[in-house]
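Data file: final.txt. Format and content: compact mmCIF, C-alpha atoms (C1' of nucleotides).
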# COMPACT_ATOMS: atom_id res chain seq x y z
CA MET M 1 -16.62 -25.69 -8.32
CA ASN M 2 -20.33 -26.37 -8.18
CA ASP M 3 -22.81 -24.34 -6.21
CA PHE M 4 -24.39 -25.88 -3.16
CA LEU M 5 -27.11 -25.23 -0.66
CA TYR M 6 -26.57 -25.17 3.09
CA ASN M 7 -29.07 -24.02 5.68
CA LYS M 8 -31.32 -22.68 2.94
CA ARG M 9 -28.58 -20.43 1.63
CA ILE M 10 -26.79 -20.77 -1.69
CA PHE M 11 -23.00 -20.76 -1.85
CA TYR M 12 -21.01 -20.30 -5.02
CA SER M 13 -17.59 -21.38 -3.77
CA PRO M 14 -15.69 -22.80 -0.78
CA VAL M 15 -14.38 -19.31 -0.13
CA GLU M 16 -17.91 -18.06 0.37
CA PHE M 17 -18.57 -20.92 2.73
CA ALA M 18 -15.47 -20.01 4.72
CA MET M 19 -16.50 -16.36 4.81
CA ALA M 20 -19.89 -17.32 6.19
CA HIS M 21 -17.95 -18.58 9.21
CA ILE M 22 -15.37 -15.84 9.70
CA GLY M 23 -16.64 -12.98 7.52
CA GLY M 24 -18.30 -9.72 8.39
CA THR M 25 -16.94 -6.86 10.42
CA TRP M 26 -16.95 -8.52 13.83
CA LYS M 27 -16.37 -12.28 13.68
CA ILE M 28 -12.62 -12.07 13.25
CA PRO M 29 -12.10 -9.54 16.06
CA ILE M 30 -14.17 -11.80 18.31
CA LEU M 31 -12.23 -14.92 17.37
CA ASN M 32 -8.98 -13.04 17.89
CA CYS M 33 -9.99 -11.97 21.37
CA LEU M 34 -10.84 -15.54 22.29
CA ARG M 35 -7.68 -17.08 20.92
CA THR M 36 -5.86 -16.85 24.24
CA GLY M 37 -8.68 -18.46 26.21
CA ALA M 38 -12.27 -18.22 27.35
CA LEU M 39 -13.73 -14.78 28.06
CA ARG M 40 -17.01 -13.65 29.54
CA TYR M 41 -19.40 -11.38 27.72
CA GLY M 42 -18.42 -8.20 29.51
CA ASP M 43 -14.68 -8.67 28.96
CA LEU M 44 -15.26 -9.46 25.32
CA LYS M 45 -17.29 -6.28 25.03
CA LYS M 46 -14.48 -4.26 26.61
CA SER M 47 -11.85 -5.90 24.39
CA ILE M 48 -13.52 -5.00 21.12
CA PRO M 49 -13.73 -1.26 20.59
CA HIS M 50 -16.79 0.15 18.84
CA ILE M 51 -18.83 -3.04 18.79
CA SER M 52 -22.41 -2.49 19.87
CA HIS M 53 -24.17 -4.69 22.38
CA LYS M 54 -26.54 -5.95 19.75
CA MET M 55 -23.81 -6.88 17.29
CA LEU M 56 -21.76 -8.70 19.89
CA ILE M 57 -24.76 -10.76 20.98
CA THR M 58 -25.82 -11.42 17.41
CA GLN M 59 -22.37 -12.47 16.26
CA LEU M 60 -21.81 -14.68 19.29
CA ARG M 61 -25.10 -16.45 18.56
CA GLU M 62 -24.08 -17.01 14.97
CA LEU M 63 -20.65 -18.30 15.94
CA GLU M 64 -22.28 -20.60 18.47
CA GLU M 65 -24.74 -21.89 15.89
CA LYS M 66 -21.88 -22.59 13.47
CA ASN M 67 -20.00 -24.41 16.20
CA MET M 68 -17.18 -21.88 16.23
CA VAL M 69 -17.57 -20.99 19.92
CA THR M 70 -19.04 -22.69 22.94
CA ARG M 71 -21.11 -20.91 25.55
CA GLN M 72 -20.90 -21.93 29.19
CA THR M 73 -23.11 -20.38 31.84
CA PHE M 74 -22.39 -20.29 35.56
CA GLN M 75 -25.31 -20.00 37.93
CA GLU M 76 -23.93 -17.23 40.06
CA LYS M 77 -25.07 -13.84 41.18
CA PRO M 78 -24.51 -11.82 39.12
CA PRO M 79 -24.69 -14.33 36.27
CA ARG M 80 -21.52 -15.29 34.42
CA VAL M 81 -21.23 -16.55 30.86
CA GLU M 82 -18.03 -17.61 29.18
CA TYR M 83 -17.30 -18.03 25.51
CA GLN M 84 -14.53 -20.21 24.13
CA LEU M 85 -13.19 -21.21 20.72
CA THR M 86 -13.90 -24.68 19.32
CA ALA M 87 -11.42 -26.74 17.32
CA LYS M 88 -13.25 -25.67 14.17
CA ALA M 89 -12.51 -22.04 15.01
CA GLU M 90 -8.90 -22.75 15.90
CA MET M 91 -8.40 -24.10 12.41
CA ALA M 92 -9.29 -20.64 11.17
CA LEU M 93 -6.59 -18.83 13.12
CA PRO M 94 -3.77 -19.37 10.58
CA VAL M 95 -6.08 -18.17 7.82
CA ILE M 96 -6.91 -15.09 9.84
CA ASP M 97 -3.23 -14.45 10.45
CA GLN M 98 -2.48 -14.63 6.76
CA LEU M 99 -5.32 -12.25 6.04
CA ALA M 100 -3.87 -9.86 8.61
CA GLU M 101 -0.45 -10.11 6.99
CA TYR M 102 -1.88 -9.31 3.60
CA GLY M 103 -3.80 -6.43 5.14
CA ILE M 104 -0.61 -5.05 6.66
CA SER M 105 1.24 -5.23 3.37
CA LEU M 106 -1.64 -3.38 1.70
CA MET M 107 -1.47 -0.77 4.44
CA LYS M 108 2.26 -0.30 3.91
CA GLU M 109 1.61 0.20 0.23
CA ALA M 110 -1.06 2.77 1.04
CA GLY M 111 1.27 4.59 3.41
CA ILE M 112 -0.77 3.81 6.50
CA ASP M 113 0.99 3.39 9.81
CA HIS M 114 0.74 -0.22 10.88
CA THR M 115 2.67 -0.22 14.13
CA PRO M 116 0.98 -1.33 17.36
CA MET E 1 -3.89 -2.55 16.54
CA ASN E 2 -5.13 1.02 16.25
CA ASP E 3 -8.03 2.10 14.12
CA PHE E 4 -7.35 4.16 11.05
CA LEU E 5 -9.17 6.12 8.41
CA TYR E 6 -8.79 5.52 4.70
CA ASN E 7 -10.90 7.06 1.97
CA LYS E 8 -13.29 8.43 4.56
CA ARG E 9 -13.96 4.96 5.96
CA ILE E 10 -12.92 3.66 9.35
CA PHE E 11 -11.06 0.37 9.66
CA TYR E 12 -10.60 -1.50 12.91
CA SER E 13 -7.91 -3.96 11.82
CA PRO E 14 -5.60 -4.96 8.95
CA VAL E 15 -7.96 -7.86 8.26
CA GLU E 16 -10.78 -5.43 7.59
CA PHE E 17 -8.51 -3.50 5.27
CA ALA E 18 -7.68 -6.70 3.40
CA MET E 19 -11.35 -7.61 3.17
CA ALA E 20 -12.14 -4.22 1.67
CA HIS E 21 -9.96 -5.36 -1.22
CA ILE E 22 -11.04 -8.98 -1.67
CA GLY E 23 -14.25 -9.22 0.36
CA GLY E 24 -17.86 -9.43 -0.64
CA THR E 25 -19.58 -12.08 -2.69
CA TRP E 26 -17.99 -11.32 -6.04
CA LYS E 27 -14.45 -9.96 -5.77
CA ILE E 28 -12.79 -13.32 -5.18
CA PRO E 29 -14.62 -15.09 -8.03
CA ILE E 30 -13.59 -12.23 -10.31
CA LEU E 31 -9.96 -12.34 -9.21
CA ASN E 32 -9.95 -16.11 -9.63
CA CYS E 33 -11.24 -15.85 -13.17
CA LEU E 34 -8.53 -13.37 -14.05
CA ARG E 35 -5.68 -15.31 -12.51
CA THR E 36 -4.82 -17.09 -15.74
CA GLY E 37 -4.73 -13.92 -17.78
CA ALA E 38 -6.67 -10.94 -19.08
CA LEU E 39 -10.33 -11.39 -19.95
CA ARG E 40 -12.86 -9.15 -21.58
CA TYR E 41 -16.10 -8.15 -19.96
CA GLY E 42 -18.29 -10.63 -21.79
CA ASP E 43 -16.06 -13.61 -21.04
CA LEU E 44 -15.84 -12.62 -17.42
CA LYS E 45 -19.62 -12.43 -17.31
CA LYS E 46 -19.91 -15.91 -18.80
CA SER E 47 -17.29 -17.32 -16.42
CA ILE E 48 -19.04 -16.23 -13.25
CA PRO E 49 -22.42 -17.91 -12.84
CA HIS E 50 -25.25 -15.89 -11.26
CA ILE E 51 -23.48 -12.54 -11.22
CA SER E 52 -25.68 -9.72 -12.47
CA HIS E 53 -24.51 -7.17 -14.99
CA LYS E 54 -24.71 -4.41 -12.41
CA MET E 55 -22.67 -6.27 -9.83
CA LEU E 56 -19.96 -7.21 -12.31
CA ILE E 57 -19.59 -3.61 -13.47
CA THR E 58 -19.71 -2.27 -9.93
CA GLN E 59 -17.15 -4.72 -8.61
CA LEU E 60 -14.81 -4.19 -11.56
CA ARG E 61 -14.94 -0.44 -10.92
CA GLU E 62 -14.10 -0.96 -7.27
CA LEU E 63 -11.24 -3.32 -8.07
CA GLU E 64 -9.94 -0.83 -10.60
CA GLU E 65 -10.15 2.01 -8.10
CA LYS E 66 -8.23 -0.06 -5.54
CA ASN E 67 -5.60 -0.87 -8.13
CA MET E 68 -6.41 -4.57 -8.12
CA VAL E 69 -7.21 -4.76 -11.83
CA THR E 70 -6.32 -2.72 -14.87
CA ARG E 71 -8.75 -1.87 -17.60
CA GLN E 72 -7.62 -1.64 -21.20
CA THR E 73 -9.92 -0.55 -23.99
CA PHE E 74 -9.45 -1.31 -27.68
CA GLN E 75 -11.01 1.04 -30.19
CA GLU E 76 -12.57 -1.60 -32.36
CA LYS E 77 -16.01 -2.35 -33.66
CA PRO E 78 -17.60 -3.81 -31.66
CA PRO E 79 -15.71 -2.32 -28.70
CA ARG E 80 -13.39 -4.53 -26.67
CA VAL E 81 -12.34 -4.05 -23.06
CA GLU E 82 -9.93 -6.27 -21.20
CA TYR E 83 -9.37 -6.61 -17.49
CA GLN E 84 -6.20 -7.90 -15.92
CA LEU E 85 -4.81 -8.47 -12.44
CA THR E 86 -2.22 -6.10 -10.99
CA ALA E 87 0.72 -7.19 -8.83
CA LYS E 88 -1.26 -6.06 -5.79
CA ALA E 89 -4.00 -8.53 -6.68
CA GLU E 90 -1.57 -11.32 -7.40
CA MET E 91 -0.30 -11.00 -3.88
CA ALA E 92 -3.79 -11.90 -2.75
CA LEU E 93 -3.96 -15.19 -4.63
CA PRO E 94 -2.19 -17.30 -1.96
CA VAL E 95 -4.51 -15.82 0.67
CA ILE E 96 -7.51 -16.68 -1.46
CA ASP E 97 -6.21 -20.21 -1.92
CA GLN E 98 -5.85 -20.67 1.79
CA LEU E 99 -9.36 -19.37 2.33
CA ALA E 100 -10.61 -21.87 -0.23
CA GLU E 101 -8.78 -24.67 1.54
CA TYR E 102 -10.32 -23.74 4.84
CA GLY E 103 -13.72 -23.55 3.15
CA ILE E 104 -13.26 -27.04 1.73
CA SER E 105 -12.33 -28.46 5.11
CA LEU E 106 -15.43 -26.85 6.59
CA MET E 107 -17.49 -28.37 3.81
CA LYS E 108 -16.08 -31.80 4.49
CA GLU E 109 -17.01 -31.41 8.13
CA ALA E 110 -20.52 -30.39 7.15
CA GLY E 111 -20.84 -33.36 4.83
CA ILE E 112 -21.03 -31.28 1.67
CA ASP E 113 -19.66 -32.71 -1.54
CA HIS E 114 -16.60 -30.72 -2.54
CA THR E 115 -15.50 -32.51 -5.69
CA PRO E 116 -15.24 -30.61 -8.99
C1' DC X 1 -24.30 -8.94 34.15
C1' DT X 2 -26.28 -10.97 30.21
C1' DG X 3 -29.70 -11.03 26.82
C1' DA X 4 -34.17 -10.33 23.99
C1' DA X 5 -37.24 -7.25 21.30
C1' DT X 6 -38.51 -3.26 18.69
C1' DC X 7 -38.08 0.60 15.67
C1' DC X 8 -35.82 2.61 11.95
C1' DA X 9 -32.17 4.69 8.64
C1' DG X 10 -28.88 3.37 5.22
C1' DC X 11 -26.70 0.38 2.21
C1' DT X 12 -26.80 -3.65 -1.21
C1' DG X 13 -28.04 -5.67 -4.98
C1' DG X 14 -31.76 -7.20 -8.58
C1' DA X 15 -34.68 -5.82 -12.61
C1' DT X 16 -35.17 -2.94 -16.23
C1' DA X 17 -34.44 0.41 -19.71
C1' DC X 18 -31.39 3.31 -22.36
C1' DT X 19 -26.63 4.89 -24.81
C1' DG X 20 -22.30 4.90 -27.83
C1' DC O 1 -20.19 -5.28 -26.77
C1' DA O 2 -19.60 -2.48 -22.86
C1' DG O 3 -21.46 0.72 -19.77
C1' DT O 4 -24.86 4.01 -17.24
C1' DA O 5 -29.16 5.28 -14.73
C1' DT O 6 -33.24 4.54 -12.02
C1' DC O 7 -36.40 2.31 -9.11
C1' DC O 8 -37.17 -0.47 -5.29
C1' DA O 9 -37.28 -4.59 -1.94
C1' DG O 10 -34.60 -6.68 1.62
C1' DC O 11 -31.03 -7.00 4.81
C1' DT O 12 -27.76 -4.84 8.33
C1' DG O 13 -26.77 -2.72 12.13
C1' DG O 14 -27.47 1.31 15.65
C1' DA O 15 -30.33 3.16 19.55
C1' DT O 16 -33.36 2.17 22.93
C1' DT O 17 -36.13 -0.29 26.10
C1' DC O 18 -37.32 -4.18 28.93
C1' DA O 19 -36.21 -8.64 31.61
C1' DG O 20 -34.04 -12.60 34.33

Would you write out, as structure tokens, the structure that this file holds?
Amino acid sequence: MNDFLYNKRIFYSPVEFAMAHIGGTWKIPILNCLRTGALRYGDLKKSIPHISHKMLITQLRELEEKNMVTRQTFQEKPPRVEYQLTAKAEMALPVIDQLAEYGISLMKEAGIDHTP
Amino acid sequence: MNDFLYNKRIFYSPVEFAMAHIGGTWKIPILNCLRTGALRYGDLKKSIPHISHKMLITQLRELEEKNMVTRQTFQEKPPRVEYQLTAKAEMALPVIDQLAEYGISLMKEAGIDHTP
DNA sequence: CTGAATCCAGCTGGATACTG
DNA sequence: CAGTATCCAGCTGGATTCAG
């Protein structure tokens, strides 16, 4: 597979390109939280333990820019903003699930409890 | 899913645990190169464009430590060292393939040429 | 409630030089 | 040929503060 440039960044493989969309510590947890429907910022924040305000905002902006989530604002008081998965992101869900399955099998092998 | 500690690092999900094994820029290219059989350091280096010496060594050490590759040395002159996938790593290959597929579909959508 | 901006510590990875 | 060590620039992400 040949290298290619996209948005001034070099990619060495399709896998890297995929990881630019769902990689990092927080993108997958965010996508997982949104898989059952739109959520507003505050609920998303509550649903994802340990994530900092800055990281949640940053990651949401990146996902928005990559067309993985849409952002809808409601002119209310107090303001309301809802985030929702796009079709592009929904295509990633099976991949994420398979990654989770592999992770669980690795955890079993390592003797880590993997029950909910 | 509950958080857990492993090797003094905190993980928030099985996906993160999986990514600790195959994540980063270089682990997947390395695993892909080894999927057809053992390779020695020099050949691996030649097979992976752009990777620096330091990164290849570092990543190989990490993969070895995680039991994803084995390292076999031959007492010859000049010295020979061969790396090979373990069963644990072979379990990751289907996951990697699915990631690549998703990456390719994203590339199509972005209008990037994805032919070999 | 949602979001932008700033400061700053820590990690990542490149370049380079040296060893058996 | 394979591997180690050091230096250092750049990015990442946390804490904090300010704003609509």

| request: Skip stretch 6-20 of chain O itself and residues of its chain fewer than 3 positions away, then list as a ChimeraX atom specification all residues within 10 Å of it, counting only C-alpha atoms (C1' of nucleotides). | output: /M:52-55,79 /X:2-17

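The interatomic distance for the pair atom CA of M:Asp43 and atom CA of M:Gln98 works out to 26.0 Å.
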
| request: Identify all chain M residues at most 8 Å from chain X by counting only C-alpha atoms (C1' of nucleotides); ligands do not count. Present them as an MDAnalysis selection string. | output: chainID M and resid 41:42 57 78:81

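Atom CA of M:Thr86 is found 10.1 Å from atom CA of M:Leu31.
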
| said: Residues of chain O within 10 Å of chain E, counting all atoms listed in the file, what are they? List them as a ChimeraX atom specification. | reply: /O:1-4

Can you provide chain E as a PDB file with C-alpha atoms, in the coordinates of the input, superposed onto chain M by least squares across all C-alpha atoms matched in order?
ATOM      1  CA  MET E   1     -16.603 -25.711  -8.323  1.00  0.00           C
ATOM      2  CA  ASN E   2     -20.328 -26.394  -8.180  1.00  0.00           C
ATOM      3  CA  ASP E   3     -22.793 -24.353  -6.212  1.00  0.00           C
ATOM      4  CA  PHE E   4     -24.383 -25.882  -3.168  1.00  0.00           C
ATOM      5  CA  LEU E   5     -27.101 -25.201  -0.664  1.00  0.00           C
ATOM      6  CA  TYR E   6     -26.558 -25.136   3.074  1.00  0.00           C
ATOM      7  CA  ASN E   7     -29.059 -23.993   5.666  1.00  0.00           C
ATOM      8  CA  LYS E   8     -31.313 -22.665   2.936  1.00  0.00           C
ATOM      9  CA  ARG E   9     -28.568 -20.402   1.596  1.00  0.00           C
ATOM     10  CA  ILE E  10     -26.774 -20.752  -1.709  1.00  0.00           C
ATOM     11  CA  PHE E  11     -22.985 -20.747  -1.850  1.00  0.00           C
ATOM     12  CA  TYR E  12     -20.989 -20.307  -5.028  1.00  0.00           C
ATOM     13  CA  SER E  13     -17.573 -21.396  -3.755  1.00  0.00           C
ATOM     14  CA  PRO E  14     -15.692 -22.831  -0.759  1.00  0.00           C
ATOM     15  CA  VAL E  15     -14.369 -19.327  -0.102  1.00  0.00           C
ATOM     16  CA  GLU E  16     -17.902 -18.063   0.378  1.00  0.00           C
ATOM     17  CA  PHE E  17     -18.561 -20.929   2.748  1.00  0.00           C
ATOM     18  CA  ALA E  18     -15.455 -20.015   4.734  1.00  0.00           C
ATOM     19  CA  MET E  19     -16.487 -16.372   4.822  1.00  0.00           C
ATOM     20  CA  ALA E  20     -19.888 -17.324   6.197  1.00  0.00           C
ATOM     21  CA  HIS E  21     -17.950 -18.576   9.211  1.00  0.00           C
ATOM     22  CA  ILE E  22     -15.359 -15.834   9.704  1.00  0.00           C
ATOM     23  CA  GLY E  23     -16.645 -12.981   7.538  1.00  0.00           C
ATOM     24  CA  GLY E  24     -18.290  -9.716   8.379  1.00  0.00           C
ATOM     25  CA  THR E  25     -16.929  -6.856  10.416  1.00  0.00           C
ATOM     26  CA  TRP E  26     -16.953  -8.524  13.814  1.00  0.00           C
ATOM     27  CA  LYS E  27     -16.375 -12.278  13.670  1.00  0.00           C
ATOM     28  CA  ILE E  28     -12.611 -12.072  13.241  1.00  0.00           C
ATOM     29  CA  PRO E  29     -12.104  -9.531  16.050  1.00  0.00           C
ATOM     30  CA  ILE E  30     -14.181 -11.781  18.300  1.00  0.00           C
ATOM     31  CA  LEU E  31     -12.244 -14.908  17.369  1.00  0.00           C
ATOM     32  CA  ASN E  32      -8.984 -13.039  17.885  1.00  0.00           C
ATOM     33  CA  CYS E  33     -10.004 -11.953  21.355  1.00  0.00           C
ATOM     34  CA  LEU E  34     -10.859 -15.511  22.293  1.00  0.00           C
ATOM     35  CA  ARG E  35      -7.698 -17.067  20.933  1.00  0.00           C
ATOM     36  CA  THR E  36      -5.872 -16.847  24.243  1.00  0.00           C
ATOM     37  CA  GLY E  37      -8.671 -18.440  26.203  1.00  0.00           C
ATOM     38  CA  ALA E  38     -12.275 -18.196  27.338  1.00  0.00           C
ATOM     39  CA  LEU E  39     -13.730 -14.771  28.053  1.00  0.00           C
ATOM     40  CA  ARG E  40     -16.997 -13.640  29.509  1.00  0.00           C
ATOM     41  CA  TYR E  41     -19.393 -11.364  27.720  1.00  0.00           C
ATOM     42  CA  GLY E  42     -18.402  -8.186  29.512  1.00  0.00           C
ATOM     43  CA  ASP E  43     -14.679  -8.667  28.940  1.00  0.00           C
ATOM     44  CA  LEU E  44     -15.269  -9.445  25.309  1.00  0.00           C
ATOM     45  CA  LYS E  45     -17.296  -6.259  25.024  1.00  0.00           C
ATOM     46  CA  LYS E  46     -14.483  -4.245  26.588  1.00  0.00           C
ATOM     47  CA  SER E  47     -11.859  -5.885  24.365  1.00  0.00           C
ATOM     48  CA  ILE E  48     -13.528  -4.989  21.093  1.00  0.00           C
ATOM     49  CA  PRO E  49     -13.720  -1.233  20.574  1.00  0.00           C
ATOM     50  CA  HIS E  50     -16.801   0.183  18.816  1.00  0.00           C
ATOM     51  CA  ILE E  51     -18.835  -3.014  18.771  1.00  0.00           C
ATOM     52  CA  SER E  52     -22.426  -2.466  19.848  1.00  0.00           C
ATOM     53  CA  HIS E  53     -24.175  -4.678  22.352  1.00  0.00           C
ATOM     54  CA  LYS E  54     -26.556  -5.939  19.696  1.00  0.00           C
ATOM     55  CA  MET E  55     -23.818  -6.859  17.259  1.00  0.00           C
ATOM     56  CA  LEU E  56     -21.774  -8.681  19.882  1.00  0.00           C
ATOM     57  CA  ILE E  57     -24.770 -10.753  20.965  1.00  0.00           C
ATOM     58  CA  THR E  58     -25.835 -11.407  17.390  1.00  0.00           C
ATOM     59  CA  GLN E  59     -22.385 -12.452  16.250  1.00  0.00           C
ATOM     60  CA  LEU E  60     -21.821 -14.668  19.288  1.00  0.00           C
ATOM     61  CA  ARG E  61     -25.114 -16.429  18.547  1.00  0.00           C
ATOM     62  CA  GLU E  62     -24.085 -16.998  14.954  1.00  0.00           C
ATOM     63  CA  LEU E  63     -20.659 -18.292  15.942  1.00  0.00           C
ATOM     64  CA  GLU E  64     -22.292 -20.587  18.464  1.00  0.00           C
ATOM     65  CA  GLU E  65     -24.751 -21.877  15.885  1.00  0.00           C
ATOM     66  CA  LYS E  66     -21.891 -22.587  13.468  1.00  0.00           C
ATOM     67  CA  ASN E  67     -20.005 -24.402  16.194  1.00  0.00           C
ATOM     68  CA  MET E  68     -17.191 -21.867  16.242  1.00  0.00           C
ATOM     69  CA  VAL E  69     -17.586 -20.979  19.915  1.00  0.00           C
ATOM     70  CA  THR E  70     -19.054 -22.681  22.939  1.00  0.00           C
ATOM     71  CA  ARG E  71     -21.113 -20.919  25.534  1.00  0.00           C
ATOM     72  CA  GLN E  72     -20.915 -21.919  29.175  1.00  0.00           C
ATOM     73  CA  THR E  73     -23.122 -20.387  31.829  1.00  0.00           C
ATOM     74  CA  PHE E  74     -22.394 -20.320  35.555  1.00  0.00           C
ATOM     75  CA  GLN E  75     -25.317 -20.062  37.931  1.00  0.00           C
ATOM     76  CA  GLU E  76     -23.891 -17.343  40.095  1.00  0.00           C
ATOM     77  CA  LYS E  77     -24.996 -13.949  41.257  1.00  0.00           C
ATOM     78  CA  PRO E  78     -24.424 -11.899  39.226  1.00  0.00           C
ATOM     79  CA  PRO E  79     -24.653 -14.357  36.317  1.00  0.00           C
ATOM     80  CA  ARG E  80     -21.498 -15.331  34.451  1.00  0.00           C
ATOM     81  CA  VAL E  81     -21.235 -16.577  30.881  1.00  0.00           C
ATOM     82  CA  GLU E  82     -18.035 -17.620  29.189  1.00  0.00           C
ATOM     83  CA  TYR E  83     -17.298 -18.037  25.518  1.00  0.00           C
ATOM     84  CA  GLN E  84     -14.542 -20.193  24.126  1.00  0.00           C
ATOM     85  CA  LEU E  85     -13.206 -21.210  20.728  1.00  0.00           C
ATOM     86  CA  THR E  86     -13.921 -24.672  19.336  1.00  0.00           C
ATOM     87  CA  ALA E  87     -11.427 -26.743  17.340  1.00  0.00           C
ATOM     88  CA  LYS E  88     -13.250 -25.663  14.185  1.00  0.00           C
ATOM     89  CA  ALA E  89     -12.498 -22.037  15.014  1.00  0.00           C
ATOM     90  CA  GLU E  90      -8.907 -22.747  15.914  1.00  0.00           C
ATOM     91  CA  MET E  91      -8.401 -24.102  12.447  1.00  0.00           C
ATOM     92  CA  ALA E  92      -9.292 -20.656  11.184  1.00  0.00           C
ATOM     93  CA  LEU E  93      -6.602 -18.829  13.138  1.00  0.00           C
ATOM     94  CA  PRO E  94      -3.777 -19.393  10.606  1.00  0.00           C
ATOM     95  CA  VAL E  95      -6.091 -18.181   7.837  1.00  0.00           C
ATOM     96  CA  ILE E  96      -6.920 -15.093   9.850  1.00  0.00           C
ATOM     97  CA  ASP E  97      -3.233 -14.462  10.459  1.00  0.00           C
ATOM     98  CA  GLN E  98      -2.490 -14.646   6.782  1.00  0.00           C
ATOM     99  CA  LEU E  99      -5.328 -12.255   6.051  1.00  0.00           C
ATOM    100  CA  ALA E 100      -3.888  -9.864   8.615  1.00  0.00           C
ATOM    101  CA  GLU E 101      -0.474 -10.114   7.001  1.00  0.00           C
ATOM    102  CA  TYR E 102      -1.895  -9.325   3.612  1.00  0.00           C
ATOM    103  CA  GLY E 103      -3.814  -6.421   5.142  1.00  0.00           C
ATOM    104  CA  ILE E 104      -0.619  -5.055   6.670  1.00  0.00           C
ATOM    105  CA  SER E 105       1.224  -5.250   3.373  1.00  0.00           C
ATOM    106  CA  LEU E 106      -1.639  -3.394   1.714  1.00  0.00           C
ATOM    107  CA  MET E 107      -1.460  -0.779   4.436  1.00  0.00           C
ATOM    108  CA  LYS E 108       2.245  -0.323   3.908  1.00  0.00           C
ATOM    109  CA  GLU E 109       1.609   0.195   0.221  1.00  0.00           C
ATOM    110  CA  ALA E 110      -1.053   2.764   1.015  1.00  0.00           C
ATOM    111  CA  GLY E 111       1.265   4.574   3.393  1.00  0.00           C
ATOM    112  CA  ILE E 112      -0.776   3.793   6.487  1.00  0.00           C
ATOM    113  CA  ASP E 113       0.999   3.397   9.791  1.00  0.00           C
ATOM    114  CA  HIS E 114       0.737  -0.219  10.877  1.00  0.00           C
ATOM    115  CA  THR E 115       2.695  -0.205  14.118  1.00  0.00           C
ATOM    116  CA  PRO E 116       1.026  -1.283  17.377  1.00  0.00           C
TER     117      PRO E 116
END

Tell me, counting only C-alpha atoms, for each residue of chain E within 7 Å of chain M, which pair of atoms is nearest and how far apart they are in Å to one decimal, in rows ordered by chain and increasing number, as CSV.
residue,atom,partner,partner_atom,distance
E:Met1,CA,M:Pro116,CA,5.1
E:Asn2,CA,M:Pro116,CA,6.6
E:Pro14,CA,M:Gly103,CA,4.5
E:Val15,CA,M:Ala100,CA,4.6
E:Glu16,CA,M:Thr25,CA,6.9
E:Phe17,CA,M:Gly103,CA,5.5
E:Ala18,CA,M:Gly103,CA,4.3
E:Thr25,CA,M:Glu16,CA,6.9
E:Val95,CA,M:Leu99,CA,6.5
E:Gln98,CA,M:Val95,CA,6.5
E:Leu99,CA,M:Val15,CA,5.6
E:Ala100,CA,M:Val15,CA,4.6
E:Tyr102,CA,M:Ala18,CA,6.4
E:Gly103,CA,M:Ala18,CA,4.2
E:Ile104,CA,M:Pro14,CA,5.5
E:Pro116,CA,M:Met1,CA,5.2

| request: Quote the spacing between atom CA of E:Ile10 and atom CA of M:Gly111 in Å to one decimal place. | output: 15.4 Å
